[in-house]
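Working notes, beginning with the structure itself.
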Amino acid sequence: MITIGITGIIGSGKTTATSMLKNRGFEIIDLDRLSKDLIMKEEVVAEIRGQFGDEYVSGKTVDVARLRDKVFKNSEALRALEAIMHPRVRDALRKRLEELEGAGEEIVFVDGPLLFETGLYKKLDRIVVVTAETGTIKERLKDRGMTEEDINQRIPHQIPLKEKERMADHVVNNNGTRDGLEKEVEKLLQRIKEWEVRADAP
């Protein structure tokens with residue numbers, strides 16, 4: 001089984017590219033969804049309450065929006081949250097990959113915005129970065145209703161896109177239309193065939 005991480009900064013089009021892969025029948029592990037499931041577990045809620053205080057927990061669930069706002073403005077708080085979440089995400093990912101390999105999957109994509117930042121890329125066979133020009137990314141984010149302040153808070157917490165491109169095994173360029181991105185995804189699938197041949201070589 002080949003495991004392929006797919007990543008990119010917010011607004012790059014990673015989610016759209018991943019949906020195209022899913023529509024082609026590929027198995028996708030969504031780390032954001034996995035994290036959202038984990039953060040609602042009782043033991044995690046208790047740990048977050050202990051670390052951040054009662055104001056970040058509503059009833060038996062974490063006030064995710066309030067917590068997100070805090071960690072994007074406070075690097076120490078971000079590190080504290082990462083210490084709680086990242087080991088659990090790594091463990092859940094490992095278990096899911098084992099399940100899929102046992103089920104006979106040949107290619108599995110792992111969709112996550114912070115594969116490099118968390119070190120999870122080291123656990124995967126290949127890494128694909130979805131990229132776009134900075135101006136294009138900012139326009140997309142503004143179209144989503146984000147302010148310039150919101151954008152400037154979110155992006156600095158991620159490794160610069162050019163650095164991610166340098167570390168990637170393949171880059172998907174998403175500066176144009178949806179049709180253009182479809183063509184880029186087809187190029188990626190051709191590249192994956194090359195990786196499979198190399199993996200099968202004696």
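By order in the structure tokens, chains are A, B, ...; within a chain, residues start at 1; ligands start at 1, following the order shown.
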task = For Leu188 of chain A, list every protein, DNA or RNA residue within 9 Å, evaluated using only C-alpha atoms, and leave out those in the same chain fewer than 2 positions away; present the list as a PyMOL selection string.
result = chain A and resi 128+170-172+183-186+190-193
request  = Give the strand (DSSP E) residues of segment 9-173 of chain A, as assigned by DSSP on the backbone, as an MDAnalysis selection string.
outcome  = chainID A and resid 27:30 57:58 61:62 107:111 126:131 170:173
key: Gap from atom CA of Gly50 of chain A to atom CA of Arg68 of chain A - Å, one decimal   =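 Straight-line distance from atom CA of Gly50 of chain A to atom CA of Arg68 of chain A works out to 16.5 Å.
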Excluding segment 78-81 of chain A and its own-chain neighbours fewer than 3 positions away, which residues fall within 10 Å of it when counting only C-alpha atoms? Please give them as a PDB file with C-alpha atoms, in the first residue's frame.
```pdb
ATOM      1  CA  GLU A  47      -7.649  17.825  29.356  1.00  0.00           C
ATOM      2  CA  ILE A  48      -8.552  20.982  27.438  1.00  0.00           C
ATOM      3  CA  GLN A  51      -5.232  23.382  30.323  1.00  0.00           C
ATOM      4  CA  PHE A  52      -7.337  26.326  29.129  1.00  0.00           C
ATOM      5  CA  LEU A  67     -10.323  27.851  21.299  1.00  0.00           C
ATOM      6  CA  ARG A  68      -9.258  28.346  17.680  1.00  0.00           C
ATOM      7  CA  LYS A  70      -7.110  31.828  21.194  1.00  0.00           C
ATOM      8  CA  VAL A  71      -4.470  29.558  19.684  1.00  0.00           C
ATOM      9  CA  PHE A  72      -4.134  31.579  16.489  1.00  0.00           C
ATOM     10  CA  LYS A  73      -3.325  34.644  18.598  1.00  0.00           C
ATOM     11  CA  ASN A  74      -1.121  32.924  21.186  1.00  0.00           C
ATOM     12  CA  SER A  75       1.745  30.645  20.148  1.00  0.00           C
ATOM     13  CA  ILE A  84      -2.828  17.398  23.617  1.00  0.00           C
ATOM     14  CA  MET A  85      -3.984  16.654  20.078  1.00  0.00           C
ATOM     15  CA  HIS A  86      -1.024  15.620  17.934  1.00  0.00           C
ATOM     16  CA  HIS A 157       1.227  29.353  11.637  1.00  0.00           C
TER      17      HIS A 157
END
```
note = Of A:Thr131, A:Arg33, A:Asp111, A:Leu120, the one sitting nearest Ser19 of chain A when using only C-alpha atoms is A:Asp111
request  = Take atom CA of Gly112 of chain A and atom CA of Leu31 of chain A and report the distance between them in Å, one decimal.
outcome  =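 It comes out at 5.2 Å.
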request  = Please provide as a PyMOL selection string all residues within 10 Å of Asn175 of chain A, with the sequence filter that same-chain residues fewer than 6 positions apart are discarded (counting only C-alpha atoms).
outcome  = chain A and resi 12-13+130-137+181
File dump, residues just selected, N, CA and C atoms, as a PDB file, in the first residue's frame:
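again-v1.pdb written:
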```
ATOM      1  N   SER A  12      -5.321  27.235  -0.773  1.00  0.00           N
ATOM      2  CA  SER A  12      -4.567  26.740  -1.924  1.00  0.00           C
ATOM      3  C   SER A  12      -5.416  25.876  -2.847  1.00  0.00           C
ATOM      4  N   GLY A  13      -6.504  25.322  -2.314  1.00  0.00           N
ATOM      5  CA  GLY A  13      -7.348  24.439  -3.116  1.00  0.00           C
ATOM      6  C   GLY A  13      -7.168  22.977  -2.783  1.00  0.00           C
ATOM      7  N   VAL A 130      -0.506  21.073  -2.789  1.00  0.00           N
ATOM      8  CA  VAL A 130      -1.365  21.868  -3.676  1.00  0.00           C
ATOM      9  C   VAL A 130      -1.000  23.333  -3.460  1.00  0.00           C
ATOM     10  N   THR A 131      -0.697  24.030  -4.542  1.00  0.00           N
ATOM     11  CA  THR A 131      -0.161  25.378  -4.414  1.00  0.00           C
ATOM     12  C   THR A 131      -0.905  26.370  -5.310  1.00  0.00           C
ATOM     13  N   ALA A 132      -0.785  27.639  -4.961  1.00  0.00           N
ATOM     14  CA  ALA A 132      -1.334  28.734  -5.771  1.00  0.00           C
ATOM     15  C   ALA A 132      -0.564  29.998  -5.409  1.00  0.00           C
ATOM     16  N   GLU A 133      -0.665  31.006  -6.256  1.00  0.00           N
ATOM     17  CA  GLU A 133      -0.002  32.278  -5.973  1.00  0.00           C
ATOM     18  C   GLU A 133      -0.638  32.934  -4.749  1.00  0.00           C
ATOM     19  N   THR A 134       0.172  33.679  -3.999  1.00  0.00           N
ATOM     20  CA  THR A 134      -0.299  34.311  -2.765  1.00  0.00           C
ATOM     21  C   THR A 134      -1.514  35.203  -3.005  1.00  0.00           C
ATOM     22  N   GLY A 135      -1.471  36.000  -4.072  1.00  0.00           N
ATOM     23  CA  GLY A 135      -2.599  36.882  -4.368  1.00  0.00           C
ATOM     24  C   GLY A 135      -3.877  36.108  -4.634  1.00  0.00           C
ATOM     25  N   THR A 136      -3.752  34.993  -5.337  1.00  0.00           N
ATOM     26  CA  THR A 136      -4.914  34.142  -5.624  1.00  0.00           C
ATOM     27  C   THR A 136      -5.483  33.563  -4.338  1.00  0.00           C
ATOM     28  N   ILE A 137      -4.596  33.109  -3.470  1.00  0.00           N
ATOM     29  CA  ILE A 137      -5.020  32.536  -2.188  1.00  0.00           C
ATOM     30  C   ILE A 137      -5.775  33.572  -1.362  1.00  0.00           C
ATOM     31  N   LEU A 181      -7.495  22.539 -12.615  1.00  0.00           N
ATOM     32  CA  LEU A 181      -7.135  21.707 -11.465  1.00  0.00           C
ATOM     33  C   LEU A 181      -7.392  20.234 -11.771  1.00  0.00           C
TER      34      LEU A 181
END
```
request  = Would you mind listing what lies within 10 Å of Asp69 of chain A as a count of residues only, with only C-alpha atoms counted and same-chain residues fewer than 6 positions away left out?
outcome  = 3
key: atom CA of Tyr121 of chain A to atom CA of Glu196 of chain A, straight-line distance in Å   = 18.5 Å
task = Considering only C-alpha atoms, return as a list in words whatever protein or nucleic-acid residues lie within 12 Å of Lys60 of chain A, sequence-local ones (same chain, fewer than 6 positions apart) excluded.
result =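 Near Lys60 of chain A, the qualifying residues are Ile39, Met40, Lys41, Glu42, Glu43, Val44, Val45, Ala46, Glu47, Ile48, Arg49 and Asp54 of chain A.
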task = May I have the residues within 9 Å of Leu21 of chain A as a PyMOL selection string, using only C-alpha atoms and disregarding those fewer than 5 positions away in the same chain?
result = chain A and resi 16+26-28+109+185
With N, CA and C atoms kept, could you save the residues just selected as an mmCIF file, in the first residue's frame?
```cif
data_model
loop_
_atom_site.group_PDB
_atom_site.id
_atom_site.type_symbol
_atom_site.label_atom_id
_atom_site.label_comp_id
_atom_site.auth_asym_id
_atom_site.auth_seq_id
_atom_site.Cartn_x
_atom_site.Cartn_y
_atom_site.Cartn_z
ATOM 1 N N THR A 16 -10.480 21.028 -2.569
ATOM 2 C CA THR A 16 -11.076 20.763 -3.883
ATOM 3 C C THR A 16 -10.340 19.638 -4.592
ATOM 4 N N PHE A 26 -10.782 7.045 -4.758
ATOM 5 C CA PHE A 26 -9.664 6.826 -3.839
ATOM 6 C C PHE A 26 -10.101 6.969 -2.384
ATOM 7 N N GLU A 27 -9.435 6.232 -1.531
ATOM 8 C CA GLU A 27 -9.683 6.310 -0.092
ATOM 9 C C GLU A 27 -8.956 7.532 0.460
ATOM 10 N N ILE A 28 -9.684 8.367 1.209
ATOM 11 C CA ILE A 28 -9.121 9.594 1.780
ATOM 12 C C ILE A 28 -9.267 9.558 3.299
ATOM 13 N N PHE A 109 -4.835 8.278 0.406
ATOM 14 C CA PHE A 109 -4.439 9.676 0.566
ATOM 15 C C PHE A 109 -4.738 10.131 1.990
ATOM 16 N N VAL A 185 -4.738 17.197 -11.423
ATOM 17 C CA VAL A 185 -4.993 15.952 -10.686
ATOM 18 C C VAL A 185 -4.687 14.748 -11.570
#
```
